[in-house]
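Undergrad: Structure in structure tokens, see below.
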Amino acid sequence: MLDPAVGTLIDLGGAALLASAAIHKLGDFDRFATVFAAYRISPARGSRGVAALVPAVELAIAFALPWPRTHRAAALCAGALLALYGVAIALNLARGRRDLDCGCGGPRDRRRIAPWMVWRNALVAAWLVAAAVLPWSSRPLAAVDGLTLGGGLFAMTVLYRTLDRLMGEIAPKGFAMRGIR
């Protein structure tokens with residue numbers, strides 16, 4: 001059984017991740033639409049329209065995740081969306097298109113796609129799906145759980161951003177210095 005504080009923490013972390021991703025995409029939508037089109041996963045003609053759906057879906061899921069009545073469906077949708085992102089990255093890596101921008105950072109953050117991103121998305125998707133399908137204990141959240149949720153969300157955010165920066169920026173520079181691709 002999943003403790004409700006842990007389940008809620010997973011839902012809040014997923015909501016923060018998706019809301020942040022949507023805000024970045026909307027902050028420079030033209031750039032995102034270009035990045036999306038470069039993946040070649042939708043017809044070129046309707047690519048911009050499909051790209052517009054992505055932040056809308058991310059925001060809808062982010063808003064639905066924290067609420068008890070909608071968290072299960074939203075967590076399953078979030079898991080599916082992250083899995084789709086992973087498939088799109090894996091497909092383009094298999095095509096040999098390693099120079100594509102992942103589209104997962106902010107407007108000024110250009111990063112090439114890499115296999116670790118597929119694993120990152122799979123791991124986050126698995127956590128969200130686990131929070132949706134595992135039974136939660138019936139223990140009501142208490143006031144002290146607010147500290148757990150706040151501290152846990154802060155720790156998750158710092159850990160995610162640190163690992164993302166390490167794998168997305170620092171490690172590639174180190175590999176480049178050593179002549180490793």
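Ordered as shown in the structure tokens, chains take letters A, B, and onward, while each chain numbers its residues from 1 and ligands are numbered from 1 in the order shown.
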Leaving out A:Val87 and any residue of its chain fewer than 4 positions from it, which residues lie within 8 Å of it when counting only C-alpha atoms, given as an mmCIF file with C-alpha atoms, in the first residue's frame?

TA:
data_model
loop_
_atom_site.group_PDB
_atom_site.id
_atom_site.type_symbol
_atom_site.label_atom_id
_atom_site.label_comp_id
_atom_site.auth_asym_id
_atom_site.auth_seq_id
_atom_site.Cartn_x
_atom_site.Cartn_y
_atom_site.Cartn_z
ATOM 1 C CA ALA A 83 6.281 7.389 -22.537
ATOM 2 C CA LEU A 91 12.719 6.748 -32.662
ATOM 3 C CA VAL A 118 14.439 7.868 -22.786
#

Undergrad: Show which residues sit within 8 Å of A:Ile10, as a list in words. Count only C-alpha atoms, and ignore same-chain residues fewer than 2 positions away.

TA: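 So the residues in contact are Val6, Gly7, Thr8, Leu12, Gly13, Gly14, Trp127, Leu128 and Ala131 of chain A.
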
Undergrad: Which parts of stretch 2-116 of chain A does DSSP call helix (DSSP H, G or I) when run on the backbone here, written out as a PyMOL selection string?

TA: chain A and resi 4-27+29-38+44-64+71-94+115-116

Undergrad: Between stretch 45-163 of chain A and stretch 20-39 of chain A, at 10 Å or less, what are the per-residue closest atom pairs and their distances in Å? Count only C-alpha atoms, order by chain and rising residue number, and return it as a Markdown table.

TA:
| residue | atom | partner | partner_atom | distance |
| --- | --- | --- | --- | --- |
| A:Arg45 | CA | A:Ala37 | CA | 9.5 |
| A:Gly46 | CA | A:Ala37 | CA | 9.3 |
| A:Ser47 | CA | A:Ala37 | CA | 5.7 |
| A:Arg48 | CA | A:Ala33 | CA | 5.6 |
| A:Gly49 | CA | A:Ala33 | CA | 8.7 |
| A:Val50 | CA | A:Phe36 | CA | 8.8 |
| A:Ala51 | CA | A:Ala33 | CA | 5.6 |
| A:Ala52 | CA | A:Ala33 | CA | 7.6 |
| A:Val54 | CA | A:Ala22 | CA | 7.6 |
| A:Pro55 | CA | A:Ala22 | CA | 4.4 |
| A:Ala56 | CA | A:Ala22 | CA | 7.3 |
| A:Val57 | CA | A:Ala22 | CA | 8.5 |
| A:Glu58 | CA | A:Ala22 | CA | 5.9 |
| A:Leu59 | CA | A:Ala22 | CA | 6.2 |
| A:Ala60 | CA | A:Ala22 | CA | 9.8 |
| A:Ala62 | CA | A:Ser20 | CA | 9.2 |
| A:Ala88 | CA | A:Tyr39 | CA | 7.1 |
| A:Ile89 | CA | A:Tyr39 | CA | 8.0 |
| A:Leu91 | CA | A:Tyr39 | CA | 8.9 |
| A:Asn92 | CA | A:Tyr39 | CA | 6.8 |
| A:Arg97 | CA | A:Tyr39 | CA | 8.9 |
| A:Leu100 | CA | A:Ala38 | CA | 7.2 |
| A:Asp101 | CA | A:Val35 | CA | 6.4 |
| A:Cys102 | CA | A:Val35 | CA | 7.6 |
| A:Gly103 | CA | A:Val35 | CA | 6.2 |
| A:Cys104 | CA | A:Ala21 | CA | 6.8 |
| A:Gly105 | CA | A:His24 | CA | 7.1 |
| A:Gly106 | CA | A:His24 | CA | 5.0 |
| A:Pro107 | CA | A:Asp28 | CA | 5.9 |
| A:Arg108 | CA | A:Asp28 | CA | 9.3 |
| A:Asp109 | CA | A:His24 | CA | 9.9 |
| A:Arg110 | CA | A:Val35 | CA | 9.9 |

Undergrad: What is the atom CA of A:Arg72-atom CA of A:Ala132 distance in Å, reported with one decimal?

TA: 4.4 Å

Undergrad: Atom CA of A:Ala44 to atom CA of A:Cys77: how many Å, to one decimal?

TA: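 One can read the atom CA of A:Ala44 to atom CA of A:Cys77 distance as 25.2 Å.
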
Undergrad: Please list as a list of chain:residue names every residue within 9 Å of A:Gly168, counting only C-alpha atoms and excluding residues in the same chain fewer than 4 positions away.

TA: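 Here the answer would be A:Arg111, A:Arg112, A:Ile113, A:Ala114, A:Trp116, A:Met117, A:Leu163, A:Asp164, A:Pro172.
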
Undergrad: I'd like the interatomic distance between atom CA of A:Ala74 and atom CA of A:Ala125, to a tenth of an Å.

TA: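 Result for atom CA of A:Ala74 versus atom CA of A:Ala125: 11.6 Å, one decimal.
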
Undergrad: Which residue out of A:Tyr160, A:Lys173, A:Leu123, A:Asp11 has the minimum interatomic distance to A:Thr70 when only C-alpha atoms are used?

TA: A:Asp11

Undergrad: Here is a test: counting only C-alpha atoms, which residue of A:Ala5, A:Leu84, A:Arg161, A:Leu76 is nearest to A:Val144?

TA: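 Closest residue, counting only C-alpha atoms: A:Ala5.
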
Undergrad: I'd like the neighbourhood of stretch 149-151 of chain A as a list in words, where a residue qualifies if any of its atoms comes within 7 Å (using only C-alpha atoms), though same-chain residues fewer than 4 positions away should be ignored.

TA: Ala5, Leu9, Asp145 and Ala155 of chain A
